[in-house]
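Notes to accompany the following structure.
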Amino acid sequence: MRSTRQELAAVLLAALVAAPAPAAPQGTATPQGPATPRPDWRGTGVVVAILPPPSSLHATRPVIIIRHDPIRGLMDETMDMPFLAASTDLFGDLHPGDRVAFGLKDVPGALLVVGIERLGAPAAGRAR
């Protein structure tokens with residue numbers, strides 16, 4: 001029997017695969033550069049995989065799979081979950097195993113990672 005957590009992850013994965021590419025999120029322009037969207041939620045977790053497009057999860061958008069901690073106000077459980085990313089530029093030198101903090105924006109059809117940063121040292125076995 002599948003748990004509620006597994007069912008939620010399966011539904012979200014199915015929605016991600018079926019979803020069209022979301023529109024670019026709106027943000028506030030700064031003198032230093034382009035608009036930076038304000039996240040609706042913030043979370044922490046560990047990078048499981050980084051999938052540039054095209055991938056088995058989305059044909060045109062980058063995807064990051066994060067084993068996230070509970071996200072206050074959004075999800076009460078820890079789970080591995082794929083998220084669309086606003087840009088591959090967000091990934092920088094991130095690799096699977098890195099602990100990260102990330103911001104999510106609710107856009108039509110998806111939760112979009114609009115910001116991400118590594119917390120602490122790179123994953124074990126990797127030089128910085």
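Ordering of the structure tokens sets the chain letters (A, B, ...); residue numbers start at 1 within each chain; ligands are numbered from 1 in the order shown.
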
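Excluding Arg72 in chain A itself and same-chain residues fewer than 3 positions from it, the residues having an atom within 8 Å of it are Trp41, Arg42, Gly43, Met75 and Asp76 of chain A, counting only C-alpha atoms.
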
Check: So which one's closest to Thr44 in chain A, A:Leu90, A:Val107, A:Ile71, A:Val114? Using only C-alpha atoms, please.
Finding: A:Ile71

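With distances restricted to only C-alpha atoms, A:Pro96 is the closest residue to Val46 in chain A from A:Pro62, A:Pro122, A:Pro82, A:Pro96.
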
Notebook entry, point to check: Just how far from CA of Asp40 in chain A is CA of Pro52 in chain A, in Å to one decimal?
Noted result: 23.6 Å

Note to self: One number please: CA of Ser56 in chain A to CA of Arg99 in chain A, in Å, one decimal.
What the structure shows: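 Separation between CA of Ser56 in chain A and CA of Arg99 in chain A: 23.9 Å.
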
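Residues of range 42-100 of chain A that DSSP, applied to the backbone, places in helix (DSSP H, G or I): Thr88, Asp89, Leu90 and Phe91 of chain A.
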
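The residue that comes closest to Val47 in chain A, out of A:Val63, A:Val100, A:Ala124, A:Met79 and on the basis of only C-alpha atoms, is A:Val100.
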